[in-house]
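Working notes, structure below.
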Amino acid sequence: MRNILRTALAIGIGLVASQALAQDEATFFKGKTVTVIAGSGSGGGVDLYARLIGRHLSKHLPGNPAVIVQNMPGAGSLAAAHHLYTVAPKDGTSIAVVPAPALFDPLMAGDDLSKYDPRKFNYLVNANADTLVCVVRKDAPVQTYRELFDKELVVGGTGPGSALWYYPTMEKYVLGVKFKVIAGYKGSNELSLALQRNEIQGVCGIFWSSARQQYPGLMKPDGEFRVIVQHDARSIPALKAAGVPLSTDFARTPQQKEALEAFLLQGSISRPFILPPGVAPQRVAAMRKALEETLKDPELLAEAAKGGMDIDSQTGAEVQALVEKIYGTSPEILAYLRKGASQTP
């Protein structure tokens, strides 16, 4: 009987504490504005997911604060990530969504992690575990990935630190494929226009969800564009059914395969929502809960389906664990990858 009473008392105390925390968070957020920083220009995949979630987040946050989206492009989203890490308020009112290269650039570059350590971000949720692909024009000189070993493909990129630069540059180094990267474009919209005008022949390192948005009719027999490879170690069903290979399929040595697989682990962290270091644990928990609920919201899911946006989420804890795993890559493989990351495209 005493054990039953103790259990009931513990449960009651836990409920009261939980309600008190929820009330505290509601009191904090009420009347405030939460800013979602999109580490890209308008119209790209990062921006689309930031705005989709921004439209539905308030009703799931304690106190129902206003939610706005702010674009902060630059240096492949590194500008947004550094802003969140060093400048943004550490109280839960600033969130960022940045693609994976902004989180792993310090690792690839061998930077001093005391100045910027992505492991210290508070990972809230990954809205979509996507895959990256290489899109080419139907009149490009390269129509299959295997042809890249013999023929050059001119692809566009934004700049060092971005996926559109990292992926073709790294595969050129590891596999020996003949990518020529023309960097300096502002974002995915500008790249899309450049591809349509035939200034470039392809765009590689673009998320599949973004590619489908920007290139209607992609993969159709009479379409203007096609996907020649998945920059991944795992295949998504739609592309597997279409016979699109993985870049890891072309590794010829154990070192190439191990290095590529280690590098490509980051690909699934495609839309991570993060808080800066130093946010109080109870606020991190409240934000994680709110974002997880937002991604299950029927209105959001209906809007995403209408816009052709996939929702295949991972929890903040899962993303945090994957970040730690990637940062634990062996020194030998890291040295090899860092040499690839330092190459001129």
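Just remember, in the structure tokens the first chain shown is A, the second B, etc., residues are 1-based per chain, and ligands are 1-based in the order shown.
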From a backbone DSSP assignment, name each residue in stretch 224-293 of chain A labelled strand (DSSP E or B), as a list in words.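 Those in stretch 224-293 of chain A that DSSP calls strand (DSSP E or B) are Phe225, Arg226, Val227, Ile228, Val229, Gln230, His231, Leu246, Pro272, Phe273, Ile274 and Leu275 of chain A.
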Spatial neighbours of stretch 287-293 of chain A, 10 Å, only C-alpha atoms, chain gap at least 6 places, as a CSV table (one decimal) with N, CA and C atoms, in the first residue's frame:
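For reference, result.csv as written:
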```
chain,number,residue,atom,x,y,z
A,25,GLU,N,7.2,28.5,-19.4
A,25,GLU,CA,7.5,28.7,-20.8
A,25,GLU,C,6.4,29.6,-21.4
A,53,ILE,N,7.2,25.7,-41.8
A,53,ILE,CA,7.1,25.5,-40.3
A,53,ILE,C,6.8,26.8,-39.6
A,54,GLY,N,7.3,27.9,-40.1
A,54,GLY,CA,7.1,29.2,-39.5
A,54,GLY,C,5.6,29.5,-39.5
A,56,HIS,N,3.1,27.5,-39.0
A,56,HIS,CA,2.4,26.6,-38.1
A,56,HIS,C,2.9,26.5,-36.7
A,57,LEU,N,4.1,27.1,-36.5
A,57,LEU,CA,4.8,26.8,-35.2
A,57,LEU,C,4.1,27.5,-34.0
A,58,SER,N,3.6,28.7,-34.2
A,58,SER,CA,3.1,29.5,-33.1
A,58,SER,C,2.1,28.7,-32.2
A,59,LYS,N,1.2,28.1,-32.9
A,59,LYS,CA,0.1,27.4,-32.1
A,59,LYS,C,0.6,26.2,-31.3
A,60,HIS,N,1.8,25.8,-31.5
A,60,HIS,CA,2.3,24.7,-30.8
A,60,HIS,C,3.3,25.1,-29.7
A,61,LEU,N,3.7,26.4,-29.7
A,61,LEU,CA,4.6,26.9,-28.7
A,61,LEU,C,3.9,27.4,-27.5
A,62,PRO,N,4.4,27.2,-26.3
A,62,PRO,CA,3.7,27.8,-25.1
A,62,PRO,C,3.6,29.3,-25.2
A,92,GLY,N,16.0,31.2,-26.7
A,92,GLY,CA,15.0,30.4,-27.4
A,92,GLY,C,14.2,31.2,-28.4
A,93,THR,N,14.5,32.5,-28.5
A,93,THR,CA,13.7,33.3,-29.5
A,93,THR,C,14.3,33.3,-30.9
A,95,ILE,N,15.9,30.7,-33.8
A,95,ILE,CA,16.1,29.4,-34.3
A,95,ILE,C,16.7,29.6,-35.7
A,122,ASN,N,22.0,23.2,-30.1
A,122,ASN,CA,20.9,22.4,-29.6
A,122,ASN,C,20.0,22.0,-30.8
A,123,TYR,N,20.0,20.7,-31.2
A,123,TYR,CA,19.3,20.3,-32.3
A,123,TYR,C,17.9,20.0,-31.9
A,124,LEU,N,16.9,20.6,-32.6
A,124,LEU,CA,15.5,20.5,-32.3
A,124,LEU,C,14.8,19.4,-33.1
A,125,VAL,N,15.0,19.4,-34.4
A,125,VAL,CA,14.4,18.4,-35.2
A,125,VAL,C,15.0,18.6,-36.6
A,126,ASN,N,15.0,17.5,-37.4
A,126,ASN,CA,15.3,17.6,-38.8
A,126,ASN,C,14.0,17.3,-39.6
A,127,ALA,N,13.6,18.4,-40.3
A,127,ALA,CA,12.2,18.3,-40.9
A,127,ALA,C,12.1,17.2,-42.0
A,273,PHE,N,16.6,22.1,-37.7
A,273,PHE,CA,16.3,23.3,-37.0
A,273,PHE,C,17.1,23.3,-35.7
A,274,ILE,N,17.8,24.4,-35.4
A,274,ILE,CA,18.7,24.4,-34.3
A,274,ILE,C,18.6,25.7,-33.4
A,275,LEU,N,18.9,25.5,-32.2
A,275,LEU,CA,19.0,26.6,-31.2
A,275,LEU,C,20.5,26.8,-30.9
A,281,PRO,N,18.0,24.2,-20.6
A,281,PRO,CA,17.5,22.9,-21.0
A,281,PRO,C,15.9,22.8,-21.1
A,313,SER,N,10.7,13.3,-40.8
A,313,SER,CA,11.5,14.0,-39.7
A,313,SER,C,12.3,13.0,-38.9
A,314,GLN,N,13.3,13.6,-38.2
A,314,GLN,CA,14.2,13.0,-37.2
A,314,GLN,C,14.1,13.8,-36.0
A,315,THR,N,14.1,13.2,-34.8
A,315,THR,CA,14.1,14.0,-33.6
A,315,THR,C,15.4,14.7,-33.4
A,316,GLY,N,15.4,15.7,-32.5
A,316,GLY,CA,16.6,16.5,-32.2
A,316,GLY,C,17.7,15.6,-31.6
A,317,ALA,N,17.3,14.6,-30.7
A,317,ALA,CA,18.2,13.7,-30.1
A,317,ALA,C,18.9,12.8,-31.2
```
With a distance cut-off of 10 Å and only C-alpha atoms, select the neighbouring residues of A:Lys90, excluding the residue or stretch itself and same-chain residues fewer than 5 positions from it, and output the selection as a PyMOL selection string. chain A and resi 84-85+95+275-280
Those residues you just picked out, can you put them in a file as a compact mmCIF listing (two decimals), in the first residue's frame with N, CA and C atoms?
```txt
# COMPACT_ATOMS: atom_id res chain seq x y z
N LEU A 84 23.91 32.56 -35.47
CA LEU A 84 23.18 31.89 -34.39
C LEU A 84 24.11 31.53 -33.24
N TYR A 85 25.31 31.09 -33.58
CA TYR A 85 26.27 30.62 -32.57
C TYR A 85 26.81 31.77 -31.72
N ILE A 95 15.88 30.73 -33.81
CA ILE A 95 16.11 29.38 -34.33
C ILE A 95 16.72 29.56 -35.72
N LEU A 275 18.92 25.51 -32.16
CA LEU A 275 19.04 26.62 -31.23
C LEU A 275 20.52 26.83 -30.92
N PRO A 276 20.90 28.04 -30.52
CA PRO A 276 22.31 28.27 -30.19
C PRO A 276 22.71 27.55 -28.91
N PRO A 277 24.00 27.45 -28.64
CA PRO A 277 24.44 26.92 -27.36
C PRO A 277 23.98 27.85 -26.23
N GLY A 278 23.86 27.30 -25.04
CA GLY A 278 23.57 28.14 -23.88
C GLY A 278 22.11 28.37 -23.57
N VAL A 279 21.20 27.82 -24.37
CA VAL A 279 19.77 27.95 -24.07
C VAL A 279 19.42 27.00 -22.92
N ALA A 280 18.58 27.47 -22.00
CA ALA A 280 18.21 26.67 -20.83
C ALA A 280 17.59 25.34 -21.26
```
Stretch 185-299 of chain A near stretch 173-181 of chain A within 8 Å: what's each residue's closest atom pair and its distance in Å to one decimal, counting only C-alpha atoms, ordered by chain then ascending residue number, as a tab-separated table?
```
residue	atom	partner	partner_atom	distance
A:Phe250	CA	A:Leu175	CA	7.3
A:Ala251	CA	A:Leu175	CA	6.4
A:Arg252	CA	A:Leu175	CA	7.8
A:Gln256	CA	A:Val174	CA	6.0
A:Ala259	CA	A:Val174	CA	7.8
A:Leu260	CA	A:Val174	CA	7.4
```
Using only C-alpha atoms: which of A:Gln266, A:Gln255, A:Gln213, A:Gln196 has the shortest distance to A:Tyr166: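 Among A:Gln266, A:Gln255, A:Gln213, A:Gln196, it is A:Gln266 that comes nearest to A:Tyr166.
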Could you check the closest approach to A:Ile311 for each of A:Gln201, A:Val154, A:Asn128, A:Pro331 and tell me which residue wins, using only C-alpha atoms? A:Asn128
Would you kindly return, as a PDB file with N, CA and C atoms, in the first residue's frame, each protein, DNA or RNA residue with an atom no farther than 12 Å from any atom of A:Glu324, considering only C-alpha atoms and excluding same-chain residues fewer than 2 positions away?
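And here is the file that came out, result_9.pdb:
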```pdb
ATOM      1  N   LEU A 103      27.268  22.800 -40.887  1.00  0.00           N
ATOM      2  CA  LEU A 103      27.547  22.161 -39.606  1.00  0.00           C
ATOM      3  C   LEU A 103      28.854  21.380 -39.628  1.00  0.00           C
ATOM      4  N   PHE A 104      29.283  20.968 -40.814  1.00  0.00           N
ATOM      5  CA  PHE A 104      30.461  20.111 -40.899  1.00  0.00           C
ATOM      6  C   PHE A 104      31.649  20.762 -41.585  1.00  0.00           C
ATOM      7  N   LEU A 107      34.790  20.784 -39.461  1.00  0.00           N
ATOM      8  CA  LEU A 107      35.432  19.473 -39.402  1.00  0.00           C
ATOM      9  C   LEU A 107      36.256  19.232 -40.656  1.00  0.00           C
ATOM     10  N   ASP A 117      31.852  25.474 -32.652  1.00  0.00           N
ATOM     11  CA  ASP A 117      31.747  24.020 -32.505  1.00  0.00           C
ATOM     12  C   ASP A 117      30.298  23.602 -32.709  1.00  0.00           C
ATOM     13  N   PRO A 118      29.936  23.127 -33.913  1.00  0.00           N
ATOM     14  CA  PRO A 118      28.546  22.759 -34.193  1.00  0.00           C
ATOM     15  C   PRO A 118      27.978  21.681 -33.271  1.00  0.00           C
ATOM     16  N   ARG A 119      28.826  20.931 -32.600  1.00  0.00           N
ATOM     17  CA  ARG A 119      28.318  19.936 -31.656  1.00  0.00           C
ATOM     18  C   ARG A 119      27.596  20.593 -30.489  1.00  0.00           C
ATOM     19  N   LYS A 120      27.851  21.878 -30.266  1.00  0.00           N
ATOM     20  CA  LYS A 120      27.252  22.569 -29.129  1.00  0.00           C
ATOM     21  C   LYS A 120      25.899  23.190 -29.439  1.00  0.00           C
ATOM     22  N   PHE A 121      25.499  23.174 -30.714  1.00  0.00           N
ATOM     23  CA  PHE A 121      24.137  23.608 -31.027  1.00  0.00           C
ATOM     24  C   PHE A 121      23.140  22.681 -30.328  1.00  0.00           C
ATOM     25  N   TYR A 123      20.034  20.738 -31.158  1.00  0.00           N
ATOM     26  CA  TYR A 123      19.303  20.275 -32.338  1.00  0.00           C
ATOM     27  C   TYR A 123      17.861  19.965 -31.941  1.00  0.00           C
ATOM     28  N   LEU A 265      27.398  10.792 -44.824  1.00  0.00           N
ATOM     29  CA  LEU A 265      26.521  10.641 -43.658  1.00  0.00           C
ATOM     30  C   LEU A 265      25.730  11.914 -43.375  1.00  0.00           C
ATOM     31  N   GLN A 266      26.339  13.043 -43.666  1.00  0.00           N
ATOM     32  CA  GLN A 266      25.699  14.320 -43.368  1.00  0.00           C
ATOM     33  C   GLN A 266      24.473  14.588 -44.235  1.00  0.00           C
ATOM     34  N   ALA A 317      17.267  14.604 -30.740  1.00  0.00           N
ATOM     35  CA  ALA A 317      18.233  13.684 -30.133  1.00  0.00           C
ATOM     36  C   ALA A 317      18.912  12.822 -31.199  1.00  0.00           C
ATOM     37  N   GLU A 318      18.141  12.391 -32.204  1.00  0.00           N
ATOM     38  CA  GLU A 318      18.701  11.577 -33.286  1.00  0.00           C
ATOM     39  C   GLU A 318      19.714  12.381 -34.100  1.00  0.00           C
ATOM     40  N   VAL A 319      19.381  13.639 -34.374  1.00  0.00           N
ATOM     41  CA  VAL A 319      20.296  14.489 -35.146  1.00  0.00           C
ATOM     42  C   VAL A 319      21.570  14.758 -34.345  1.00  0.00           C
ATOM     43  N   GLN A 320      21.405  15.053 -33.051  1.00  0.00           N
ATOM     44  CA  GLN A 320      22.556  15.317 -32.188  1.00  0.00           C
ATOM     45  C   GLN A 320      23.521  14.116 -32.194  1.00  0.00           C
ATOM     46  N   ALA A 321      22.946  12.902 -32.126  1.00  0.00           N
ATOM     47  CA  ALA A 321      23.772  11.685 -32.110  1.00  0.00           C
ATOM     48  C   ALA A 321      24.518  11.514 -33.432  1.00  0.00           C
ATOM     49  N   LEU A 322      23.854  11.832 -34.549  1.00  0.00           N
ATOM     50  CA  LEU A 322      24.492  11.695 -35.859  1.00  0.00           C
ATOM     51  C   LEU A 322      25.618  12.715 -36.024  1.00  0.00           C
ATOM     52  N   ILE A 326      29.582  11.792 -36.793  1.00  0.00           N
ATOM     53  CA  ILE A 326      30.380  12.326 -37.902  1.00  0.00           C
ATOM     54  C   ILE A 326      31.637  13.009 -37.375  1.00  0.00           C
ATOM     55  N   TYR A 327      31.500  13.726 -36.277  1.00  0.00           N
ATOM     56  CA  TYR A 327      32.671  14.379 -35.685  1.00  0.00           C
ATOM     57  C   TYR A 327      33.638  13.367 -35.073  1.00  0.00           C
ATOM     58  N   GLY A 328      33.197  12.124 -34.945  1.00  0.00           N
ATOM     59  CA  GLY A 328      34.065  11.066 -34.447  1.00  0.00           C
ATOM     60  C   GLY A 328      34.739  10.258 -35.547  1.00  0.00           C
ATOM     61  N   THR A 329      34.684  10.734 -36.791  1.00  0.00           N
ATOM     62  CA  THR A 329      35.336  10.054 -37.921  1.00  0.00           C
ATOM     63  C   THR A 329      36.833   9.881 -37.635  1.00  0.00           C
TER      64      THR A 329
END
```
